[in-house]
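Novice: Could you have a look at this structure, given as structure tokens, before my questions?
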Amino acid sequence: MNTRRQFIQKSVLGISVATLPGLSSGWTEPVDMHPEARPGESFNLGIAGYSFLHFDLDASLAMMKRMDVHYLSIKDFHLPLDSTPEAITAFHQKLKAFDVTGYAVGPIYMTKSRTEIDAGFEYARRVGVKLIIGVPNKEDLEYISEKTKAYDIRYAIHNHGPEDKLYPNAKSVYDLIRNLDNRMGLCFDMGHDTRDGQDPVTDLERYHSRIFDIHFKNVTAATRDGKTCELGRGVIDIPAFVAMLRKIKYTGQCSLEFEKDMKDPLPGLAESVGFYHGVVAALPRS
């Protein structure tokens, strides 16, 4: 890492930590490696592909490179559901060139017919990932559970807050899948959970056995009107959330889903990445 990059990284981390109440004392400089490879950390930082709704794959990967983030949840506007084997190979080669791993596909909406479910599992198999983030009908959950067994692919249902009549929060998902195959779980959108009046730290601990992926964000209010904001500027206690990730020994991805300024997401995403690194570096280990 060159001197200029070291200076920028240390400055961003220092600023981030300085904004955390009670965390500035005792902070030590982070080790010089990919942040998600810090010794003792079981979870990784990633980006949810929806953050790049208005950008093609090249521009999205260029932003990830600038932020030094290496995990991407793949959206179908970057890799269509009907992609050929050649297109999928080229897609993975491009990700590799940017040192990015595509670890999941979705969210994929599967509410019209079971044909969409079948196509989604085939898509995940062809892409070569072991996790689908999906939004299905409740009556299809047992059918999907059988699919997870047949394909050995986990299925994580995404909660979408108080506007979502199917899955507003973590509990609404967990109660439906708790007795299904253990490959059935939750893509925990902590922001939407908060907007539905829930405590995301408590829910992370309560339902962690079935949380396979996290849409990592903050929101401006714990109400229906709350909006996505930069990670350090909202009502969710991010240090407490990260501490809980460590307590439960979470091993998945925390993928930033930034739904603010979506035509110019890099400044907010980069600020959120810096804040996250500051939290991880500053929190004491038990």
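Here, A, B, ... name the chains of the structure tokens in the order displayed, residue numbers run from 1 inside each chain, and ligands are numbered from 1 in the same displayed order.
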Would you mind listing what lies within 10 Å of segment 238-247 of chain A as number ranges by chain, with only C-alpha atoms counted and same-chain residues fewer than 5 positions away left out?
Specialist: A: 20-21, 23, 40-43, 190, 200-202, 204-205, 208, 216-218, 231-233, 252, 254, 275-276, 278-280, 282-286
Novice: Skipping near chain neighbours, those fewer than 3 positions away, what residues fall within 12 Å of segment 113-120 of chain A using only C-alpha atoms, listed as a compact mmCIF listing (two decimals) with N, CA, C and O atoms, in the first residue's frame?
Specialist:
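What follows is the written file selection_3.txt:
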```txt
# COMPACT_ATOMS: atom_id res chain seq x y z
N LYS A 75 -27.12 -8.65 -8.52
CA LYS A 75 -28.47 -8.34 -8.98
C LYS A 75 -28.59 -8.69 -10.46
O LYS A 75 -27.63 -8.64 -11.23
N ASP A 76 -29.82 -9.00 -10.88
CA ASP A 76 -30.02 -9.47 -12.24
C ASP A 76 -29.88 -8.37 -13.29
O ASP A 76 -29.81 -8.66 -14.48
N PRO A 80 -28.27 -10.99 -15.99
CA PRO A 80 -29.67 -11.39 -16.18
C PRO A 80 -29.92 -12.86 -15.88
O PRO A 80 -29.04 -13.71 -15.98
N LEU A 81 -31.16 -13.14 -15.50
CA LEU A 81 -31.56 -14.50 -15.14
C LEU A 81 -31.37 -15.49 -16.28
O LEU A 81 -31.16 -16.68 -16.04
N ASP A 82 -31.44 -15.01 -17.52
CA ASP A 82 -31.31 -15.90 -18.67
C ASP A 82 -29.91 -15.87 -19.27
O ASP A 82 -29.71 -16.22 -20.44
N SER A 83 -28.93 -15.48 -18.49
CA SER A 83 -27.55 -15.39 -18.99
C SER A 83 -27.05 -16.75 -19.47
O SER A 83 -27.30 -17.79 -18.85
N ALA A 104 -23.75 -14.21 -3.71
CA ALA A 104 -25.19 -14.53 -3.66
C ALA A 104 -25.86 -13.89 -4.86
O ALA A 104 -25.29 -13.02 -5.54
N VAL A 105 -27.10 -14.31 -5.12
CA VAL A 105 -27.93 -13.66 -6.14
C VAL A 105 -29.21 -13.16 -5.50
O VAL A 105 -29.76 -13.79 -4.60
N GLY A 106 -29.66 -11.99 -5.96
CA GLY A 106 -30.92 -11.46 -5.47
C GLY A 106 -30.80 -10.06 -4.90
O GLY A 106 -29.73 -9.45 -4.95
N PRO A 107 -31.90 -9.58 -4.33
CA PRO A 107 -33.18 -10.25 -4.19
C PRO A 107 -33.86 -10.54 -5.54
O PRO A 107 -33.82 -9.73 -6.44
N ILE A 108 -34.47 -11.73 -5.59
CA ILE A 108 -35.26 -12.15 -6.74
C ILE A 108 -36.70 -12.31 -6.27
O ILE A 108 -36.97 -13.03 -5.30
N TYR A 109 -37.61 -11.63 -6.95
CA TYR A 109 -39.02 -11.73 -6.59
C TYR A 109 -39.62 -12.98 -7.25
O TYR A 109 -39.42 -13.20 -8.45
N MET A 110 -40.31 -13.78 -6.47
CA MET A 110 -40.84 -15.06 -6.92
C MET A 110 -42.30 -15.20 -6.48
O MET A 110 -42.69 -16.18 -5.85
N TYR A 123 -30.80 -20.57 -11.94
CA TYR A 123 -29.92 -19.42 -12.11
C TYR A 123 -28.78 -19.46 -11.09
O TYR A 123 -27.60 -19.32 -11.44
N ALA A 124 -29.11 -19.67 -9.82
CA ALA A 124 -28.08 -19.73 -8.78
C ALA A 124 -27.10 -20.87 -9.04
O ALA A 124 -25.89 -20.71 -8.85
N ARG A 125 -27.63 -22.01 -9.48
CA ARG A 125 -26.75 -23.14 -9.77
C ARG A 125 -25.79 -22.80 -10.89
O ARG A 125 -24.59 -23.07 -10.80
N ARG A 126 -26.31 -22.17 -11.96
CA ARG A 126 -25.46 -21.82 -13.10
C ARG A 126 -24.44 -20.74 -12.74
O ARG A 126 -23.30 -20.77 -13.21
N VAL A 127 -24.85 -19.80 -11.90
CA VAL A 127 -23.93 -18.74 -11.48
C VAL A 127 -22.87 -19.29 -10.53
O VAL A 127 -21.75 -18.77 -10.48
N VAL A 129 -23.35 -19.89 -7.06
CA VAL A 129 -23.42 -19.40 -5.68
C VAL A 129 -24.29 -20.34 -4.86
O VAL A 129 -25.09 -21.10 -5.39
N LYS A 130 -24.12 -20.25 -3.56
CA LYS A 130 -24.84 -21.13 -2.64
C LYS A 130 -25.89 -20.39 -1.82
O LYS A 130 -26.36 -20.89 -0.79
N LEU A 131 -26.25 -19.19 -2.27
CA LEU A 131 -27.24 -18.41 -1.53
C LEU A 131 -28.12 -17.62 -2.50
O LEU A 131 -27.61 -16.90 -3.37
N ILE A 132 -29.44 -17.79 -2.34
CA ILE A 132 -30.42 -16.99 -3.05
C ILE A 132 -31.11 -16.07 -2.05
O ILE A 132 -31.56 -16.52 -0.99
N ILE A 133 -31.17 -14.79 -2.37
CA ILE A 133 -31.99 -13.86 -1.60
C ILE A 133 -33.29 -13.70 -2.36
O ILE A 133 -33.28 -13.32 -3.54
N GLY A 134 -34.40 -14.02 -1.71
CA GLY A 134 -35.65 -14.07 -2.44
C GLY A 134 -36.81 -13.46 -1.70
O GLY A 134 -36.77 -13.24 -0.48
N VAL A 135 -37.86 -13.19 -2.47
CA VAL A 135 -39.14 -12.73 -1.92
C VAL A 135 -40.22 -13.62 -2.52
O VAL A 135 -40.67 -13.41 -3.64
N PRO A 136 -40.63 -14.65 -1.79
CA PRO A 136 -41.63 -15.60 -2.29
C PRO A 136 -43.00 -15.40 -1.64
O PRO A 136 -43.14 -14.65 -0.66
N ASN A 137 -43.99 -16.09 -2.14
CA ASN A 137 -45.27 -16.17 -1.46
C ASN A 137 -45.18 -17.13 -0.28
O ASN A 137 -44.43 -18.11 -0.32
N LYS A 138 -45.96 -16.87 0.74
CA LYS A 138 -45.93 -17.73 1.92
C LYS A 138 -46.33 -19.16 1.59
O LYS A 138 -45.77 -20.11 2.14
N GLU A 139 -47.29 -19.31 0.69
CA GLU A 139 -47.78 -20.66 0.38
C GLU A 139 -46.75 -21.49 -0.38
O GLU A 139 -46.93 -22.71 -0.54
N ASP A 140 -45.66 -20.87 -0.83
CA ASP A 140 -44.63 -21.60 -1.58
C ASP A 140 -43.42 -21.96 -0.72
O ASP A 140 -42.45 -22.53 -1.24
N LEU A 141 -43.46 -21.66 0.56
CA LEU A 141 -42.27 -21.86 1.38
C LEU A 141 -41.88 -23.33 1.51
O LEU A 141 -40.69 -23.67 1.49
N GLU A 142 -42.84 -24.22 1.64
CA GLU A 142 -42.49 -25.64 1.73
C GLU A 142 -41.91 -26.13 0.41
O GLU A 142 -40.99 -26.95 0.40
N TYR A 143 -42.44 -25.65 -0.69
CA TYR A 143 -41.90 -25.99 -2.00
C TYR A 143 -40.45 -25.51 -2.12
O TYR A 143 -39.56 -26.25 -2.58
N ILE A 144 -40.19 -24.29 -1.67
CA ILE A 144 -38.82 -23.77 -1.71
C ILE A 144 -37.91 -24.57 -0.79
O ILE A 144 -36.76 -24.84 -1.12
N SER A 145 -38.44 -24.95 0.35
CA SER A 145 -37.65 -25.76 1.28
C SER A 145 -37.18 -27.05 0.62
O SER A 145 -36.02 -27.47 0.79
N GLU A 146 -38.05 -27.67 -0.14
CA GLU A 146 -37.65 -28.89 -0.86
C GLU A 146 -36.59 -28.57 -1.92
O GLU A 146 -35.68 -29.37 -2.17
N LYS A 147 -36.71 -27.41 -2.53
CA LYS A 147 -35.71 -26.99 -3.52
C LYS A 147 -34.33 -26.80 -2.87
O LYS A 147 -33.29 -27.14 -3.45
N THR A 148 -34.32 -26.23 -1.68
CA THR A 148 -33.03 -26.03 -1.02
C THR A 148 -32.33 -27.36 -0.74
O THR A 148 -31.10 -27.45 -0.81
N ALA A 150 -32.80 -30.18 -2.59
CA ALA A 150 -32.42 -30.76 -3.87
C ALA A 150 -31.17 -30.10 -4.45
O ALA A 150 -30.32 -30.78 -5.04
N TYR A 151 -31.06 -28.79 -4.28
CA TYR A 151 -29.93 -28.05 -4.87
C TYR A 151 -28.80 -27.81 -3.87
O TYR A 151 -27.71 -27.40 -4.28
N ILE A 153 -28.71 -25.37 -1.83
CA ILE A 153 -28.53 -23.92 -1.92
C ILE A 153 -29.42 -23.28 -0.86
O ILE A 153 -30.60 -23.61 -0.75
N ARG A 154 -28.84 -22.39 -0.06
CA ARG A 154 -29.63 -21.74 0.98
C ARG A 154 -30.51 -20.64 0.37
O ARG A 154 -30.16 -20.04 -0.65
N TYR A 155 -31.63 -20.39 1.03
CA TYR A 155 -32.61 -19.42 0.56
C TYR A 155 -32.89 -18.45 1.69
O TYR A 155 -33.37 -18.84 2.76
```
Novice: Give the helix (DSSP H, G or I) residues of segment 52-257 of chain A, as assigned by DSSP on the backbone, as an NGL selection string.
Specialist: :A and (52 or 57-67 or 85-97 or 114-127 or 138-151 or 170-177 or 190-195 or 200-206 or 208-210 or 238-248)
Novice: Take the selection from the previous step and output its residues with C-alpha atoms, as a PDB file, in the first residue's frame.
Specialist:
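Output file selection-v9.pdb follows:
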```
ATOM      1  CA  PHE A  52     -25.613   0.226  -8.011  1.00  0.00           C
ATOM      2  CA  LEU A  57     -21.029  -3.603 -13.914  1.00  0.00           C
ATOM      3  CA  ASP A  58     -17.777  -1.873 -14.867  1.00  0.00           C
ATOM      4  CA  ALA A  59     -18.699   1.333 -13.058  1.00  0.00           C
ATOM      5  CA  SER A  60     -19.947  -0.628 -10.034  1.00  0.00           C
ATOM      6  CA  LEU A  61     -16.759  -2.639  -9.746  1.00  0.00           C
ATOM      7  CA  ALA A  62     -14.672   0.491 -10.154  1.00  0.00           C
ATOM      8  CA  MET A  63     -16.465   1.999  -7.150  1.00  0.00           C
ATOM      9  CA  MET A  64     -15.898  -1.174  -5.136  1.00  0.00           C
ATOM     10  CA  LYS A  65     -12.207  -1.044  -5.984  1.00  0.00           C
ATOM     11  CA  ARG A  66     -11.958   2.541  -4.776  1.00  0.00           C
ATOM     12  CA  MET A  67     -13.607   1.527  -1.502  1.00  0.00           C
ATOM     13  CA  PRO A  85     -22.842 -20.002 -19.650  1.00  0.00           C
ATOM     14  CA  GLU A  86     -20.451 -17.827 -21.661  1.00  0.00           C
ATOM     15  CA  ALA A  87     -21.911 -14.645 -20.176  1.00  0.00           C
ATOM     16  CA  ILE A  88     -21.661 -16.067 -16.657  1.00  0.00           C
ATOM     17  CA  THR A  89     -18.031 -17.032 -17.214  1.00  0.00           C
ATOM     18  CA  ALA A  90     -17.226 -13.564 -18.532  1.00  0.00           C
ATOM     19  CA  PHE A  91     -19.033 -12.013 -15.562  1.00  0.00           C
ATOM     20  CA  HIS A  92     -16.952 -13.953 -13.038  1.00  0.00           C
ATOM     21  CA  GLN A  93     -13.753 -13.157 -14.919  1.00  0.00           C
ATOM     22  CA  LYS A  94     -14.563  -9.464 -14.709  1.00  0.00           C
ATOM     23  CA  LEU A  95     -15.239  -9.726 -10.981  1.00  0.00           C
ATOM     24  CA  LYS A  96     -11.966 -11.552 -10.500  1.00  0.00           C
ATOM     25  CA  ALA A  97     -10.094  -8.791 -12.321  1.00  0.00           C
ATOM     26  CA  ARG A 114     -43.486 -21.533  -9.110  1.00  0.00           C
ATOM     27  CA  THR A 115     -41.830 -21.248 -12.496  1.00  0.00           C
ATOM     28  CA  GLU A 116     -40.022 -18.211 -11.089  1.00  0.00           C
ATOM     29  CA  ILE A 117     -38.821 -20.312  -8.160  1.00  0.00           C
ATOM     30  CA  ASP A 118     -37.543 -23.055 -10.440  1.00  0.00           C
ATOM     31  CA  ALA A 119     -35.782 -20.486 -12.637  1.00  0.00           C
ATOM     32  CA  GLY A 120     -34.219 -18.825  -9.614  1.00  0.00           C
ATOM     33  CA  PHE A 121     -32.651 -22.020  -8.340  1.00  0.00           C
ATOM     34  CA  GLU A 122     -31.375 -22.907 -11.806  1.00  0.00           C
ATOM     35  CA  TYR A 123     -29.920 -19.416 -12.112  1.00  0.00           C
ATOM     36  CA  ALA A 124     -28.084 -19.729  -8.779  1.00  0.00           C
ATOM     37  CA  ARG A 125     -26.752 -23.144  -9.768  1.00  0.00           C
ATOM     38  CA  ARG A 126     -25.456 -21.822 -13.095  1.00  0.00           C
ATOM     39  CA  VAL A 127     -23.929 -18.744 -11.481  1.00  0.00           C
ATOM     40  CA  LYS A 138     -45.928 -17.727   1.923  1.00  0.00           C
ATOM     41  CA  GLU A 139     -47.784 -20.656   0.376  1.00  0.00           C
ATOM     42  CA  ASP A 140     -44.633 -21.601  -1.579  1.00  0.00           C
ATOM     43  CA  LEU A 141     -42.271 -21.855   1.385  1.00  0.00           C
ATOM     44  CA  GLU A 142     -42.494 -25.637   1.733  1.00  0.00           C
ATOM     45  CA  TYR A 143     -41.902 -25.992  -2.005  1.00  0.00           C
ATOM     46  CA  ILE A 144     -38.824 -23.771  -1.714  1.00  0.00           C
ATOM     47  CA  SER A 145     -37.645 -25.758   1.280  1.00  0.00           C
ATOM     48  CA  GLU A 146     -37.648 -28.889  -0.865  1.00  0.00           C
ATOM     49  CA  LYS A 147     -35.708 -26.993  -3.517  1.00  0.00           C
ATOM     50  CA  THR A 148     -33.026 -26.026  -1.017  1.00  0.00           C
ATOM     51  CA  LYS A 149     -32.541 -29.713  -0.217  1.00  0.00           C
ATOM     52  CA  ALA A 150     -32.417 -30.762  -3.870  1.00  0.00           C
ATOM     53  CA  TYR A 151     -29.931 -28.051  -4.866  1.00  0.00           C
ATOM     54  CA  ALA A 170     -37.216 -10.541  11.003  1.00  0.00           C
ATOM     55  CA  LYS A 171     -39.800 -12.246  13.216  1.00  0.00           C
ATOM     56  CA  SER A 172     -42.318 -12.465  10.389  1.00  0.00           C
ATOM     57  CA  VAL A 173     -39.797 -14.518   8.395  1.00  0.00           C
ATOM     58  CA  TYR A 174     -38.428 -16.613  11.239  1.00  0.00           C
ATOM     59  CA  ASP A 175     -41.848 -17.728  12.436  1.00  0.00           C
ATOM     60  CA  LEU A 176     -42.614 -19.108   8.973  1.00  0.00           C
ATOM     61  CA  ILE A 177     -39.345 -20.941   8.306  1.00  0.00           C
ATOM     62  CA  MET A 190     -31.727  -4.188   9.605  1.00  0.00           C
ATOM     63  CA  GLY A 191     -32.980  -0.830   8.312  1.00  0.00           C
ATOM     64  CA  HIS A 192     -36.408  -2.076   7.319  1.00  0.00           C
ATOM     65  CA  ASP A 193     -36.601  -4.030  10.587  1.00  0.00           C
ATOM     66  CA  THR A 194     -35.985  -0.781  12.451  1.00  0.00           C
ATOM     67  CA  ARG A 195     -38.555   1.092  10.348  1.00  0.00           C
ATOM     68  CA  PRO A 200     -32.249  -4.810  15.064  1.00  0.00           C
ATOM     69  CA  VAL A 201     -29.613  -5.689  17.667  1.00  0.00           C
ATOM     70  CA  THR A 202     -32.078  -7.779  19.650  1.00  0.00           C
ATOM     71  CA  ASP A 203     -33.419  -9.405  16.486  1.00  0.00           C
ATOM     72  CA  LEU A 204     -29.906 -10.206  15.292  1.00  0.00           C
ATOM     73  CA  GLU A 205     -29.287 -12.116  18.509  1.00  0.00           C
ATOM     74  CA  ARG A 206     -32.741 -13.712  18.637  1.00  0.00           C
ATOM     75  CA  HIS A 208     -29.128 -15.379  14.254  1.00  0.00           C
ATOM     76  CA  SER A 209     -29.313 -19.125  13.616  1.00  0.00           C
ATOM     77  CA  ARG A 210     -31.319 -18.414  10.463  1.00  0.00           C
ATOM     78  CA  ILE A 238     -23.952   0.431  14.743  1.00  0.00           C
ATOM     79  CA  PRO A 239     -21.245  -0.284  17.354  1.00  0.00           C
ATOM     80  CA  ALA A 240     -23.777  -2.352  19.334  1.00  0.00           C
ATOM     81  CA  PHE A 241     -24.784  -4.170  16.147  1.00  0.00           C
ATOM     82  CA  VAL A 242     -21.162  -5.006  15.286  1.00  0.00           C
ATOM     83  CA  ALA A 243     -20.551  -6.126  18.862  1.00  0.00           C
ATOM     84  CA  MET A 244     -23.526  -8.472  18.519  1.00  0.00           C
ATOM     85  CA  LEU A 245     -22.135  -9.831  15.233  1.00  0.00           C
ATOM     86  CA  ARG A 246     -19.064 -10.833  17.191  1.00  0.00           C
ATOM     87  CA  LYS A 247     -21.066 -12.256  20.085  1.00  0.00           C
ATOM     88  CA  ILE A 248     -23.117 -14.558  17.837  1.00  0.00           C
TER      89      ILE A 248
END
```
Novice: From the set A:Asp99, A:Asp152, A:Glu257, A:Asp213, which residue has the shortest atom-to-atom contact distance to Phe188 of chain A, counting only C-alpha atoms?
Specialist: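 Among the listed residues, A:Asp213 lies closest to Phe188 of chain A.
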Novice: Compile the contact shell of segment 159-162 of chain A as a PDB file with N, CA, C and O atoms, in the first residue's frame: residues with an atom at most 6 Å away, counting only C-alpha atoms, same-chain residues fewer than 2 positions apart removed.
Specialist:
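Generated output (selection.pdb):
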```pdb
ATOM      1  N   ASP A 164     -44.420  -3.852   3.627  1.00  0.00           N
ATOM      2  CA  ASP A 164     -44.403  -5.228   3.129  1.00  0.00           C
ATOM      3  C   ASP A 164     -45.443  -6.059   3.879  1.00  0.00           C
ATOM      4  O   ASP A 164     -45.298  -6.328   5.065  1.00  0.00           O
ATOM      5  N   TYR A 167     -43.513  -9.837   4.589  1.00  0.00           N
ATOM      6  CA  TYR A 167     -42.372  -9.998   5.493  1.00  0.00           C
ATOM      7  C   TYR A 167     -41.879  -8.624   5.958  1.00  0.00           C
ATOM      8  O   TYR A 167     -40.857  -8.121   5.481  1.00  0.00           O
ATOM      9  N   PRO A 168     -42.559  -8.002   6.919  1.00  0.00           N
ATOM     10  CA  PRO A 168     -42.147  -6.667   7.358  1.00  0.00           C
ATOM     11  C   PRO A 168     -40.886  -6.648   8.223  1.00  0.00           C
ATOM     12  O   PRO A 168     -40.147  -5.663   8.229  1.00  0.00           O
ATOM     13  N   ASN A 169     -40.634  -7.732   8.954  1.00  0.00           N
ATOM     14  CA  ASN A 169     -39.516  -7.737   9.902  1.00  0.00           C
ATOM     15  C   ASN A 169     -38.937  -9.143  10.039  1.00  0.00           C
ATOM     16  O   ASN A 169     -39.419 -10.094   9.419  1.00  0.00           O
ATOM     17  N   HIS A 192     -34.968  -1.861   7.414  1.00  0.00           N
ATOM     18  CA  HIS A 192     -36.408  -2.076   7.319  1.00  0.00           C
ATOM     19  C   HIS A 192     -36.961  -2.654   8.622  1.00  0.00           C
ATOM     20  O   HIS A 192     -38.102  -2.351   9.008  1.00  0.00           O
ATOM     21  N   ASP A 193     -36.182  -3.488   9.289  1.00  0.00           N
ATOM     22  CA  ASP A 193     -36.601  -4.030  10.587  1.00  0.00           C
ATOM     23  C   ASP A 193     -36.813  -2.892  11.582  1.00  0.00           C
ATOM     24  O   ASP A 193     -37.808  -2.867  12.323  1.00  0.00           O
ATOM     25  N   ASP A 196     -39.877  -0.849  10.983  1.00  0.00           N
ATOM     26  CA  ASP A 196     -41.087  -1.535  11.424  1.00  0.00           C
ATOM     27  C   ASP A 196     -41.221  -1.527  12.948  1.00  0.00           C
ATOM     28  O   ASP A 196     -42.060  -2.232  13.514  1.00  0.00           O
TER      29      ASP A 196
END
```
Novice: Just checking: using only C-alpha atoms, which residue out of A:Thr111, A:Ser51, A:Thr220, A:Asn44 ends up closest to Lys263 of chain A?
Specialist: A:Ser51
Novice: Go through A:Leu166, A:Val235, A:Leu45, A:Cys229 one by one, measure the shortest atom-to-atom distance of each to Pro267 of chain A using only C-alpha atoms, and give the residue with the smallest value.
Specialist: A:Cys229
Novice: As a PyMOL selection string, please: all residues of segment 66-200 of chain A that backbone DSSP puts in strand (DSSP E or B).
Specialist: chain A and resi 71-74+101-110+131-136+154-158+184-189
Novice: With C-alpha atoms retained, write the just-selected residues as a short mmCIF file (atom, residue, chain, number, x, y, z; two decimals), in the first residue's frame.
Specialist:
```cif
data_model
loop_
_atom_site.label_atom_id
_atom_site.label_comp_id
_atom_site.auth_asym_id
_atom_site.auth_seq_id
_atom_site.Cartn_x
_atom_site.Cartn_y
_atom_site.Cartn_z
CA TYR A 71 -17.90 -9.07 -1.87
CA LEU A 72 -20.93 -8.43 -4.07
CA SER A 73 -24.50 -9.68 -3.87
CA ILE A 74 -25.40 -10.05 -7.55
CA THR A 101 -16.35 -12.32 -5.25
CA GLY A 102 -20.02 -12.65 -6.14
CA TYR A 103 -21.39 -14.56 -3.15
CA ALA A 104 -25.19 -14.53 -3.66
CA VAL A 105 -27.93 -13.66 -6.14
CA GLY A 106 -30.92 -11.46 -5.47
CA PRO A 107 -33.18 -10.25 -4.19
CA ILE A 108 -35.26 -12.15 -6.74
CA TYR A 109 -39.02 -11.73 -6.59
CA MET A 110 -40.84 -15.06 -6.92
CA LEU A 131 -27.24 -18.41 -1.53
CA ILE A 132 -30.42 -16.99 -3.05
CA ILE A 133 -31.99 -13.86 -1.60
CA GLY A 134 -35.65 -14.07 -2.44
CA VAL A 135 -39.14 -12.73 -1.92
CA PRO A 136 -41.63 -15.60 -2.29
CA ARG A 154 -29.63 -21.74 0.98
CA TYR A 155 -32.61 -19.42 0.56
CA ALA A 156 -32.76 -16.14 2.47
CA ILE A 157 -36.06 -14.26 2.58
CA HIS A 158 -35.71 -10.49 2.54
CA MET A 184 -34.27 -21.71 4.79
CA GLY A 185 -33.41 -18.42 6.42
CA LEU A 186 -33.35 -14.66 6.34
CA CYS A 187 -31.62 -11.84 4.53
CA PHE A 188 -31.86 -9.49 7.47
CA ASP A 189 -32.49 -5.93 6.34
#
```
Novice: Rounded to one decimal in Å, what is the spacing between atom CA of Lys165 of chain A and atom CA of Tyr250 of chain A?
Specialist: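 Separation of atom CA of Lys165 of chain A and atom CA of Tyr250 of chain A: 28.1 Å.
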Novice: Would you compute the distance between atom CA of His54 of chain A and atom CA of Met262 of chain A? Give it in Å to one decimal.
Specialist: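 Computed distance, atom CA of His54 of chain A to atom CA of Met262 of chain A, equals 7.0 Å.
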Novice: For atom CA of Asp264 of chain A and atom CA of Leu53 of chain A, determine how far apart the two atoms are, in Å to one decimal place.
Specialist: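 One can read the atom CA of Asp264 of chain A to atom CA of Leu53 of chain A distance as 10.5 Å.
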